[in-house]
$ cat input_26.cif   # mmCIF, C-alpha atoms
data_start
#
loop_
_atom_site.label_atom_id
_atom_site.label_comp_id
_atom_site.auth_asym_id
_atom_site.auth_seq_id
_atom_site.Cartn_x
_atom_site.Cartn_y
_atom_site.Cartn_z
CA MET X 1 12.01 -17.80 18.88
CA ASN X 2 13.25 -18.26 15.35
CA VAL X 3 12.26 -15.19 13.28
CA MET X 4 12.47 -15.15 9.51
CA LEU X 5 11.70 -12.67 6.74
CA PHE X 6 9.17 -14.21 4.35
CA HIS X 7 8.84 -12.50 0.97
CA LEU X 8 6.01 -13.12 -1.50
CA MET X 9 7.59 -10.95 -4.24
CA ALA X 10 4.30 -9.52 -5.49
CA TYR X 11 4.16 -7.73 -8.83
CA ALA X 12 3.99 -4.35 -7.09
CA ASP X 13 3.83 -2.45 -10.37
CA LEU X 14 0.54 -3.98 -11.48
CA ASP X 15 -1.88 -1.35 -12.76
CA PHE X 16 -4.69 -2.16 -10.36
CA GLU X 17 -7.06 0.32 -11.99
CA ALA X 18 -6.54 -1.09 -15.50
CA THR X 19 -7.03 -4.67 -14.27
CA LYS X 20 -9.99 -4.16 -11.97
CA GLN X 21 -12.40 -5.71 -14.49
CA PHE X 22 -10.71 -9.08 -14.03
CA GLU X 23 -12.15 -11.20 -11.23
CA THR X 24 -8.75 -12.41 -10.10
CA VAL X 25 -5.03 -11.88 -10.74
CA TRP X 26 -4.55 -15.66 -10.83
CA VAL X 27 -4.26 -17.95 -13.89
CA ASN X 28 -6.12 -16.04 -16.59
CA MET X 29 -5.45 -12.32 -16.15
CA PRO X 30 -3.65 -11.40 -19.42
CA ASN X 31 0.13 -11.24 -19.08
CA LYS X 32 0.24 -8.08 -21.19
CA PHE X 33 0.01 -6.33 -17.82
CA TYR X 34 3.46 -7.64 -16.86
CA ASP X 35 6.41 -5.43 -17.82
CA PRO X 36 9.73 -7.36 -17.79
CA VAL X 37 11.72 -4.14 -17.31
CA LYS X 38 9.76 -3.35 -14.16
CA GLY X 39 9.99 -7.01 -13.22
CA HIS X 40 13.78 -6.87 -13.42
CA LYS X 41 13.85 -3.94 -11.03
CA LEU X 42 11.48 -5.70 -8.63
CA TYR X 43 13.56 -8.89 -8.54
CA THR X 44 16.65 -6.82 -7.79
CA ARG X 45 14.82 -4.91 -5.06
CA TYR X 46 13.29 -7.99 -3.47
CA LEU X 47 16.55 -9.94 -3.40
CA ASP X 48 18.23 -6.90 -1.85
CA GLU X 49 15.54 -6.81 0.86
CA LEU X 50 15.98 -10.50 1.65
CA THR X 51 19.75 -10.08 1.77
CA TYR X 52 19.37 -7.05 4.04
CA ALA X 53 17.50 -9.28 6.51
CA GLU X 54 20.76 -11.03 7.34
CA GLU X 55 22.44 -7.71 8.14
CA LEU X 56 19.48 -6.76 10.35
CA GLY X 57 19.80 -9.93 12.42
CA PHE X 58 16.96 -12.15 11.20
CA ASP X 59 17.45 -15.88 11.68
CA GLY X 60 16.42 -16.77 8.16
CA VAL X 61 14.76 -15.78 4.91
CA ALA X 62 11.96 -17.58 3.12
CA VAL X 63 10.56 -17.76 -0.41
CA ASN X 64 7.68 -19.72 -1.93
CA GLU X 65 6.15 -21.00 -5.17
CA HIS X 66 3.16 -19.76 -7.16
CA HIS X 67 2.35 -19.75 -10.85
CA GLN X 68 0.70 -17.39 -13.36
CA THR X 69 -0.21 -14.69 -10.87
CA ALA X 70 0.66 -11.16 -9.82
CA TYR X 71 0.39 -12.35 -6.21
CA GLY X 72 3.98 -13.59 -6.28
CA LEU X 73 6.71 -13.67 -8.92
CA MET X 74 8.33 -16.96 -7.90
CA PRO X 75 7.28 -19.86 -10.14
CA SER X 76 10.65 -21.35 -9.15
CA PRO X 77 11.68 -20.67 -5.54
CA VAL X 78 14.82 -22.71 -6.23
CA VAL X 79 16.04 -19.90 -8.51
CA MET X 80 15.53 -17.36 -5.71
CA ALA X 81 17.14 -19.61 -3.13
CA SER X 82 20.14 -20.08 -5.42
CA ALA X 83 20.64 -16.33 -5.58
CA LEU X 84 20.28 -16.03 -1.81
CA VAL X 85 22.86 -18.75 -1.18
CA GLN X 86 25.44 -16.57 -2.93
CA ARG X 87 24.32 -13.32 -1.30
CA THR X 88 24.18 -14.53 2.33
CA LYS X 89 26.50 -16.33 4.73
CA ARG X 90 24.59 -16.97 7.97
CA VAL X 91 20.82 -17.06 7.63
CA LYS X 92 18.77 -20.16 7.01
CA ILE X 93 17.14 -20.21 3.57
CA ALA X 94 13.65 -21.71 3.52
CA ILE X 95 11.78 -22.81 0.42
CA LEU X 96 8.13 -22.74 1.58
CA GLY X 97 7.69 -24.65 -0.46
CA ASN X 98 8.14 -26.57 -3.67
CA ALA X 99 4.79 -27.90 -4.92
CA LEU X 100 5.64 -31.57 -5.37
CA PRO X 101 2.61 -32.76 -7.39
CA LEU X 102 3.18 -30.02 -9.98
CA ARG X 103 6.68 -31.25 -10.82
CA GLU X 104 7.10 -33.77 -13.61
CA HIS X 105 9.57 -35.70 -11.48
CA PRO X 106 10.46 -35.38 -7.78
CA MET X 107 14.07 -36.42 -8.41
CA MET X 108 14.64 -32.92 -9.76
CA VAL X 109 13.48 -31.50 -6.41
CA ALA X 110 15.73 -33.93 -4.53
CA GLU X 111 18.72 -32.95 -6.65
CA GLU X 112 18.10 -29.19 -6.59
CA HIS X 113 17.57 -29.07 -2.83
CA ALA X 114 20.64 -31.22 -2.23
CA MET X 115 22.66 -28.82 -4.38
CA LEU X 116 21.38 -25.81 -2.42
CA ASP X 117 22.08 -27.51 0.90
CA VAL X 118 25.67 -28.28 -0.12
CA MET X 119 26.24 -24.86 -1.70
CA SER X 120 24.98 -23.11 1.46
CA GLY X 121 26.92 -25.32 3.85
CA GLY X 122 23.76 -26.75 5.38
CA ARG X 123 21.51 -23.69 5.60
CA LEU X 124 18.55 -25.00 3.59
CA ILE X 125 15.07 -25.64 4.96
CA SER X 126 12.99 -27.69 2.52
CA GLY X 127 9.31 -26.87 2.49
CA PHE X 128 6.92 -29.19 0.66
CA VAL X 129 3.39 -28.28 -0.42
CA ARG X 130 0.77 -29.59 -2.82
CA GLY X 131 0.19 -26.19 -4.41
CA ILE X 132 -3.09 -24.31 -4.07
CA GLY X 133 -6.09 -25.11 -6.24
CA ALA X 134 -5.34 -22.40 -8.79
CA GLU X 135 -2.10 -24.15 -9.69
CA TYR X 136 -4.05 -27.21 -10.84
CA HIS X 137 -5.86 -25.00 -13.33
CA THR X 138 -2.51 -23.60 -14.45
CA PHE X 139 -1.00 -27.04 -15.16
CA ASN X 140 -4.28 -28.75 -16.11
CA LEU X 141 -3.62 -31.44 -13.51
CA ASN X 142 -6.17 -33.67 -11.83
CA PRO X 143 -6.51 -32.38 -8.23
CA THR X 144 -8.08 -35.64 -7.03
CA ILE X 145 -4.71 -37.42 -7.18
CA SER X 146 -2.67 -34.56 -5.74
CA HIS X 147 -2.42 -36.17 -2.29
CA GLU X 148 -1.09 -39.47 -3.55
CA ARG X 149 1.36 -37.76 -5.91
CA PHE X 150 2.54 -35.56 -3.05
CA HIS X 151 3.11 -38.44 -0.62
CA GLU X 152 4.83 -40.62 -3.19
CA ALA X 153 7.05 -37.73 -4.31
CA HIS X 154 7.94 -36.99 -0.68
CA ASP X 155 8.86 -40.62 -0.03
CA LEU X 156 11.10 -40.75 -3.09
CA ILE X 157 12.86 -37.49 -2.19
CA VAL X 158 13.56 -38.49 1.43
CA GLN X 159 14.79 -41.91 0.37
CA ALA X 160 17.02 -40.33 -2.28
CA TRP X 161 18.49 -38.06 0.40
CA THR X 162 19.05 -40.76 3.00
CA ARG X 163 19.49 -44.21 1.41
CA PRO X 164 22.80 -45.32 -0.12
CA GLY X 165 22.43 -45.62 -3.87
CA PRO X 166 21.83 -46.96 -6.31
CA PHE X 167 18.51 -48.51 -5.37
CA ALA X 168 15.19 -49.02 -7.14
CA PHE X 169 11.98 -47.14 -6.35
CA HIS X 170 8.68 -48.38 -7.72
CA GLY X 171 5.47 -46.51 -6.96
CA HIS X 172 2.20 -45.77 -8.71
CA HIS X 173 3.32 -42.45 -10.22
CA TYR X 174 7.13 -42.69 -10.19
CA ASN X 175 9.26 -45.67 -11.16
CA LEU X 176 13.05 -45.72 -11.21
CA ASN X 177 15.52 -48.53 -11.50
CA TYR X 178 18.35 -46.34 -10.28
CA VAL X 179 18.09 -43.78 -7.48
CA ASN X 180 21.64 -42.63 -6.84
CA LEU X 181 21.69 -39.00 -5.78
CA TRP X 182 24.71 -36.85 -6.66
CA PRO X 183 25.25 -34.61 -4.73
CA ARG X 184 23.95 -35.82 -1.40
CA PRO X 185 22.62 -33.24 1.11
CA PHE X 186 25.01 -31.47 3.48
CA GLN X 187 22.71 -31.85 6.50
CA LYS X 188 22.17 -35.26 8.07
CA PRO X 189 19.96 -37.12 7.68
CA HIS X 190 18.51 -34.43 5.38
CA PRO X 191 17.49 -30.75 5.40
CA PRO X 192 14.67 -29.90 7.84
CA ILE X 193 11.26 -30.32 6.24
CA TRP X 194 8.57 -27.72 6.91
CA VAL X 195 4.95 -27.97 5.81
CA PRO X 196 2.98 -24.76 5.21
CA SER X 197 -0.80 -25.21 5.23
CA GLN X 198 -4.16 -23.52 5.48
CA GLY X 199 -5.40 -26.08 8.00
CA SER X 200 -6.09 -29.27 6.05
CA LYS X 201 -6.74 -32.16 8.44
CA GLU X 202 -4.82 -34.50 6.17
CA THR X 203 -1.80 -32.19 6.22
CA ILE X 204 -1.82 -31.93 10.02
CA ASP X 205 -2.23 -35.70 10.41
CA TRP X 206 0.65 -36.35 8.00
CA ALA X 207 3.05 -33.65 9.24
CA SER X 208 2.62 -34.59 12.90
CA HIS X 209 2.98 -38.34 12.35
CA PRO X 210 5.80 -39.83 14.46
CA ASP X 211 7.64 -40.85 11.28
CA HIS X 212 7.75 -37.16 10.24
CA ARG X 213 7.27 -34.65 13.08
CA TYR X 214 7.69 -31.91 10.49
CA THR X 215 7.41 -28.24 11.36
CA TYR X 216 3.86 -27.13 10.59
CA LEU X 217 3.29 -23.52 9.48
CA GLN X 218 -0.12 -21.93 9.53
CA THR X 219 -0.08 -19.34 6.78
CA PHE X 220 -1.99 -16.05 6.52
CA SER X 221 -5.07 -16.63 8.72
CA PRO X 222 -6.90 -14.93 11.60
CA ALA X 223 -5.20 -15.46 14.94
CA LYS X 224 -8.03 -17.61 16.34
CA THR X 225 -7.72 -19.89 13.31
CA VAL X 226 -3.97 -20.13 13.81
CA GLU X 227 -4.46 -21.01 17.47
CA LYS X 228 -7.04 -23.67 16.55
CA TYR X 229 -4.87 -25.44 13.99
CA LEU X 230 -1.67 -25.29 16.02
CA GLN X 231 -3.59 -26.89 18.86
CA SER X 232 -4.94 -29.45 16.40
CA TYR X 233 -1.35 -30.38 15.57
CA ARG X 234 -0.55 -30.78 19.27
CA ASP X 235 -3.69 -32.86 19.85
CA THR X 236 -2.91 -35.09 16.88
CA ALA X 237 0.66 -35.59 18.09
CA GLU X 238 -0.68 -36.53 21.53
CA ALA X 239 -3.02 -39.07 19.91
CA TYR X 240 0.03 -40.51 18.17
CA GLY X 241 1.67 -40.91 21.57
CA TYR X 242 4.15 -38.05 21.80
CA GLU X 243 4.30 -34.39 22.82
CA ALA X 244 4.71 -31.87 20.01
CA GLN X 245 7.46 -29.34 20.63
CA ASP X 246 7.07 -25.59 20.11
CA SER X 247 9.79 -25.87 17.44
CA GLN X 248 7.34 -27.93 15.34
CA LEU X 249 4.95 -24.98 15.01
CA GLY X 250 5.04 -21.69 13.15
CA TRP X 251 2.96 -18.78 11.87
CA ALA X 252 3.36 -16.59 8.80
CA VAL X 253 1.75 -13.16 9.30
CA PRO X 254 1.98 -9.67 7.73
CA ILE X 255 3.53 -7.09 10.06
CA TYR X 256 3.88 -3.34 9.75
CA VAL X 257 5.80 -1.09 12.16
CA ALA X 258 5.92 2.71 12.19
CA ASP X 259 6.73 5.38 14.76
CA THR X 260 3.14 5.53 16.01
CA ASP X 261 -0.01 3.43 15.74
CA GLU X 262 -1.67 6.17 13.71
CA GLN X 263 1.20 6.40 11.24
CA ALA X 264 1.28 2.63 10.84
CA LEU X 265 -2.42 2.51 10.05
CA ARG X 266 -2.10 5.33 7.55
CA GLU X 267 0.86 3.84 5.68
CA ALA X 268 -0.17 0.18 5.68
CA LYS X 269 -3.86 0.59 4.88
CA ALA X 270 -3.88 0.81 1.08
CA PRO X 271 -1.14 -1.81 0.42
CA PHE X 272 -2.61 -4.31 2.89
CA GLU X 273 -6.12 -3.94 1.54
CA LEU X 274 -4.81 -4.46 -2.01
CA PHE X 275 -3.01 -7.57 -0.80
CA ARG X 276 -6.03 -9.00 1.02
CA ASN X 277 -8.87 -7.83 -1.22
CA ARG X 278 -7.26 -8.02 -4.64
CA LEU X 279 -4.12 -10.15 -4.83
CA LEU X 280 -5.44 -12.96 -2.61
CA LYS X 281 -8.91 -13.09 -4.10
CA MET X 282 -9.96 -15.83 -6.52
CA PRO X 283 -13.17 -17.68 -7.39
CA PHE X 284 -14.02 -20.49 -5.00
CA GLU X 285 -13.78 -23.11 -7.74
CA MET X 286 -10.23 -21.93 -8.42
CA LEU X 287 -9.25 -21.91 -4.75
CA LEU X 288 -10.69 -25.36 -4.02
CA PRO X 289 -11.41 -27.31 -7.21
CA PRO X 290 -13.52 -30.46 -6.85
CA GLY X 291 -11.51 -33.33 -5.41
CA TYR X 292 -8.64 -31.13 -4.18
CA THR X 293 -9.40 -31.88 -0.55
CA SER X 294 -11.58 -34.17 1.53
CA ARG X 295 -15.07 -33.20 2.61
CA ASP X 296 -13.94 -32.83 6.23
CA SER X 297 -11.01 -30.58 5.31
CA LEU X 298 -13.21 -28.63 2.92
CA LYS X 299 -15.56 -27.80 5.78
CA ARG X 300 -12.63 -26.74 7.97
CA VAL X 301 -11.08 -24.53 5.31
CA MET X 302 -14.44 -23.03 4.33
CA ALA X 303 -15.14 -22.18 7.97
CA ALA X 304 -11.74 -20.51 8.23
CA LYS X 305 -12.20 -18.68 4.94
CA VAL X 306 -15.85 -17.77 5.35
CA SER X 307 -15.11 -14.11 4.60
CA LEU X 308 -12.65 -14.79 1.77
CA SER X 309 -15.05 -13.46 -0.86
CA GLN X 310 -15.71 -10.30 1.15
CA ASP X 311 -13.45 -7.29 1.30
CA ILE X 312 -11.96 -6.47 4.67
CA THR X 313 -10.48 -3.27 6.04
CA LEU X 314 -7.08 -3.03 7.65
CA GLU X 315 -8.74 -2.13 10.95
CA ALA X 316 -10.89 -5.26 10.89
CA ALA X 317 -7.87 -7.37 9.92
CA ILE X 318 -5.91 -6.01 12.90
CA ASP X 319 -8.79 -6.90 15.23
CA ALA X 320 -8.87 -10.42 13.78
CA GLY X 321 -5.12 -10.87 14.09
CA MET X 322 -4.64 -11.22 10.33
CA ILE X 323 -1.95 -8.53 10.47
CA VAL X 324 0.06 -7.05 13.33
CA CYS X 325 0.30 -3.30 12.78
CA GLY X 326 1.29 -0.33 14.92
CA SER X 327 4.19 1.22 16.76
CA ALA X 328 7.10 -0.99 17.72
CA GLU X 329 5.74 -1.26 21.27
CA THR X 330 2.27 -2.20 20.02
CA VAL X 331 3.65 -4.80 17.62
CA ARG X 332 5.97 -6.30 20.22
CA GLN X 333 3.25 -6.58 22.84
CA ARG X 334 0.80 -8.06 20.35
CA LEU X 335 3.23 -10.70 19.10
CA GLU X 336 4.32 -11.62 22.62
CA SER X 337 0.65 -11.99 23.56
CA PHE X 338 0.03 -14.32 20.62
CA TRP X 339 3.14 -16.31 21.54
CA LYS X 340 2.01 -16.76 25.13
CA THR X 341 -1.29 -18.15 23.86
CA MET X 342 -0.04 -20.30 20.96
CA HIS X 343 3.61 -21.10 21.83
CA PHE X 344 4.90 -21.32 18.27
CA ASP X 345 8.69 -21.16 17.99
CA ASN X 346 8.85 -20.02 14.36
CA LEU X 347 7.58 -16.64 13.20
CA LEU X 348 7.62 -15.81 9.50
CA THR X 349 7.28 -12.06 9.15
CA MET X 350 5.73 -10.70 5.95
CA LEU X 351 7.11 -7.15 6.03
CA HIS X 352 6.27 -6.37 2.42
CA PHE X 353 2.83 -6.84 0.88
CA ALA X 354 1.24 -5.79 -2.43
CA ASN X 355 2.61 -2.42 -3.58
CA LEU X 356 4.19 -1.24 -0.32
CA SER X 357 7.01 1.04 -1.46
CA GLU X 358 10.68 0.18 -1.15
CA GLU X 359 11.19 3.08 1.27
CA LEU X 360 8.39 1.98 3.59
CA THR X 361 9.40 -1.68 3.36
CA ARG X 362 12.98 -0.88 4.37
CA ARG X 363 11.82 1.30 7.26
CA ASN X 364 9.39 -1.40 8.36
CA MET X 365 12.23 -3.95 8.34
CA GLU X 366 14.57 -1.65 10.24
CA LEU X 367 12.09 -0.65 12.95
CA PHE X 368 11.05 -4.27 13.41
CA ALA X 369 14.67 -5.44 13.58
CA GLN X 370 15.77 -2.72 16.00
CA LYS X 371 12.80 -2.58 18.36
CA VAL X 372 10.88 -5.87 18.09
CA LEU X 373 13.18 -8.63 16.84
CA PRO X 374 15.51 -8.89 19.89
CA ALA X 375 12.59 -9.36 22.28
CA LEU X 376 11.06 -12.08 20.10
CA GLN X 377 14.34 -13.93 19.63
CA ALA X 378 14.71 -13.96 23.43
CA LEU X 379 11.47 -15.91 23.84
CA LYS X 380 12.36 -19.49 24.69
CA ALA X 381 10.52 -22.60 23.61
CA ARG X 382 9.02 -24.51 26.51
CA PRO X 383 10.81 -27.68 27.62
CA SER X 384 8.93 -30.91 27.03
CA LYS X 385 7.04 -32.41 29.96
CA ALA X 386 9.33 -35.42 29.79
CA ALA X 387 12.44 -33.25 29.96
CA SER X 388 11.12 -31.19 32.86
CA ALA X 389 9.81 -34.18 34.85
#

$ encode --input "input_26.cif" --output "structure tokens"
Amino acid sequence: MNVMLFHLMAYADLDFEATKQFETVWVNMPNKFYDPVKGHKLYTRYLDELTYAEELGFDGVAVNEHHQTAYGLMPSPVVMASALVQRTKRVKIAILGNALPLREHPMMVAEEHAMLDVMSGGRLISGFVRGIGAEYHTFNLNPTISHERFHEAHDLIVQAWTRPGPFAFHGHHYNLNYVNLWPRPFQKPHPPIWVPSQGSKETIDWASHPDHRYTYLQTFSPAKTVEKYLQSYRDTAEAYGYEAQDSQLGWAVPIYVADTDEQALREAKAPFELFRNRLLKMPFEMLLPPGYTSRDSLKRVMAAKVSLSQDITLEAAIDAGMIVCGSAETVRQRLESFWKTMHFDNLLTMLHFANLSEELTRRNMELFAQKVLPALQALKARPSKAASA
């Protein structure tokens, strides 16, 4: 199994008591609550933690993109990836992902990712997303055209990476007479493309299409929901006429390891519940603005997020498989059990969440790396039926 450290870079120094009157930390919570001096220290700390993951033996590190929120301090994951290229030598660096419809022009994404791929010697993983509904409020963009902007932007980027230039590209949203990428990507034909999602049918259909076969990542969701959507990817691939490989599937999940189950519960409880019940929470119209997704996908996401507006305890989240928490033995057994059921070959570990302290985050990383990571990395993806026939 490929195991990566995924960091959200939350604004851990938010005064949660002073901001409790605001319904959400997304889009419109006043930025007077952000202290740049504390922010500087957090960026330094978080980059150090991601760099430490290489020393601990992780296969990769991952960052993502969100805007105008205390949930994560990465409006530009390219900036973070650039820093990580210089700080690391071995690990893969995943951008999960750049929100294509939010960018004025996808050629900037093509150029920036090509630069990172060359600078890192071919260690980049390019993740593409549409951006969650709140981002469309941030940029005052029409969510009803987000799918077509996303697909057209993707097509332009992949062509820019792979076709000899110069050539012309004429679409509905983007028109260029000269596409002639300098630099070209290090990896051939281009960096791997991963697609994080909350379970949109359109995303699964598109990512699993034989022309793409992109790695699909189910992000923070109950384990039964993860199992359902990973199976949906496999079923869709089968309908397309091919067998999806375990390497095409992944799961991003919070994990906390301590010496005992009791200690893990005690230490993770407050930070996790802040993460789940405060940092993730937003009004429904902000999460899924009208036109952002199809009616079918809206029903699927609503069914998966039925309890999104309700607070949940750490204990209930553990039972639901929304977090894996306990001693190293408990965590290892739980993750191996999930793997045997779901057979994903990519695990994105979220070992920091909300305001978990630097000391506890480091210890969590170290215990996981020493006592859980080797066993997970030893898990082998299943051979395809065709290969084993």

$ resolve_selection --input "input_26.cif" --expression "the PyMOL selection byres ((chain X and resi 263-279) around 9)" --output "JSON, numbers by chain"
{"X": [10, 16, 20, 23, 24, 25, 26, 69, 70, 71, 72, 254, 256, 257, 258, 259, 260, 261, 262, 280, 281, 282, 308, 309, 310, 311, 312, 313, 314, 315, 323, 325, 326, 327, 352, 353, 354, 355, 356, 357, 360]}

$ resolve_selection --input "input_26.cif" --expression "the PyMOL selection byres ((chain X and resi 61) around 12)" --output "ChimeraX atom specification"
/X:2-8,46-60,62-64,77,80-81,84-85,87-96,123-125,346-351

$ atom_distance --input "input_26.cif" --atom1 "atom CA of X:Glu17" --atom2 "atom CA of X:Glu359"
22.7 Å

$ resolve_selection --input "input_26.cif" --expression "the PyMOL selection byres ((chain X and resi 114) around 12)" --output "JSON, numbers by chain"
{"X": [78, 82, 107, 108, 109, 110, 111, 112, 113, 115, 116, 117, 118, 119, 120, 121, 122, 123, 124, 125, 126, 157, 158, 160, 161, 162, 181, 182, 183, 184, 185, 186, 187, 188, 189, 190, 191, 192]}

$ atom_distance --input "input_26.cif" --atom1 "atom CA of X:Pro383" --atom2 "atom CA of X:Gln218"
21.9 Å

$ axis_aligned_box --input "input_26.cif" --around "stretch 183-195 of chain X" --padding-each-side "5 Å" --output "lines of an AutoDock Vina configuration file"
center_x = 15.1
center_y = -32.4
center_z = 1.7
size_x = 30.3
size_y = 19.4
size_z = 22.8

$ atom_distance --input "input_26.cif" --atom1 "atom CA of X:Met1" --atom2 "atom CA of X:Arg332"
13.1 Å

$ closest_residue --input "input_26.cif" --among "X:Leu102, X:Val179, X:Leu14, X:Ala153" --to "X:Leu141" --atoms "all atoms listed in the file"
X:Leu102

$ closest_residue --input "input_26.cif" --among "X:Thr219, X:Gln248, X:Thr236, X:Ser76" --to "X:Asp205" --atoms "only C-alpha atoms"
X:Thr236

$ decode --input "input_26.cif" --residues "stretch 243-254 of chain X" --atoms "N, CA and C atoms" --output "PDB file, in the first residue's frame"
ATOM      1  N   GLU X 243     -11.286  -3.861 -15.847  1.00  0.00           N
ATOM      2  CA  GLU X 243     -11.233  -4.107 -14.403  1.00  0.00           C
ATOM      3  C   GLU X 243     -10.410  -3.017 -13.724  1.00  0.00           C
ATOM      4  N   ALA X 244     -11.018  -2.297 -12.793  1.00  0.00           N
ATOM      5  CA  ALA X 244     -10.294  -1.275 -12.049  1.00  0.00           C
ATOM      6  C   ALA X 244      -9.267  -1.923 -11.132  1.00  0.00           C
ATOM      7  N   GLN X 245      -8.096  -1.345 -11.064  1.00  0.00           N
ATOM      8  CA  GLN X 245      -7.029  -1.851 -10.204  1.00  0.00           C
ATOM      9  C   GLN X 245      -7.113  -1.196  -8.817  1.00  0.00           C
ATOM     10  N   ASP X 246      -6.595  -1.888  -7.816  1.00  0.00           N
ATOM     11  CA  ASP X 246      -6.571  -1.321  -6.469  1.00  0.00           C
ATOM     12  C   ASP X 246      -5.807   0.007  -6.439  1.00  0.00           C
ATOM     13  N   SER X 247      -4.815   0.145  -7.317  1.00  0.00           N
ATOM     14  CA  SER X 247      -4.016   1.374  -7.366  1.00  0.00           C
ATOM     15  C   SER X 247      -4.822   2.564  -7.833  1.00  0.00           C
ATOM     16  N   GLN X 248      -6.024   2.350  -8.369  1.00  0.00           N
ATOM     17  CA  GLN X 248      -6.887   3.438  -8.815  1.00  0.00           C
ATOM     18  C   GLN X 248      -7.792   3.947  -7.707  1.00  0.00           C
ATOM     19  N   LEU X 249      -7.639   3.425  -6.486  1.00  0.00           N
ATOM     20  CA  LEU X 249      -8.556   3.758  -5.403  1.00  0.00           C
ATOM     21  C   LEU X 249      -7.797   4.190  -4.153  1.00  0.00           C
ATOM     22  N   GLY X 250      -8.374   5.164  -3.442  1.00  0.00           N
ATOM     23  CA  GLY X 250      -7.737   5.640  -2.220  1.00  0.00           C
ATOM     24  C   GLY X 250      -8.745   6.216  -1.242  1.00  0.00           C
ATOM     25  N   TRP X 251      -8.272   6.404  -0.011  1.00  0.00           N
ATOM     26  CA  TRP X 251      -9.115   6.907   1.077  1.00  0.00           C
ATOM     27  C   TRP X 251      -8.295   7.869   1.917  1.00  0.00           C
ATOM     28  N   ALA X 252      -8.878   9.026   2.196  1.00  0.00           N
ATOM     29  CA  ALA X 252      -8.271   9.993   3.115  1.00  0.00           C
ATOM     30  C   ALA X 252      -9.051   9.970   4.422  1.00  0.00           C
ATOM     31  N   VAL X 253      -8.353   9.685   5.553  1.00  0.00           N
ATOM     32  CA  VAL X 253      -9.043   9.492   6.824  1.00  0.00           C
ATOM     33  C   VAL X 253      -8.188  10.013   7.981  1.00  0.00           C
ATOM     34  N   PRO X 254      -8.792  10.694   8.961  1.00  0.00           N
ATOM     35  CA  PRO X 254      -8.050  11.073  10.172  1.00  0.00           C
ATOM     36  C   PRO X 254      -7.652   9.838  10.967  1.00  0.00           C
TER      37      PRO X 254
END
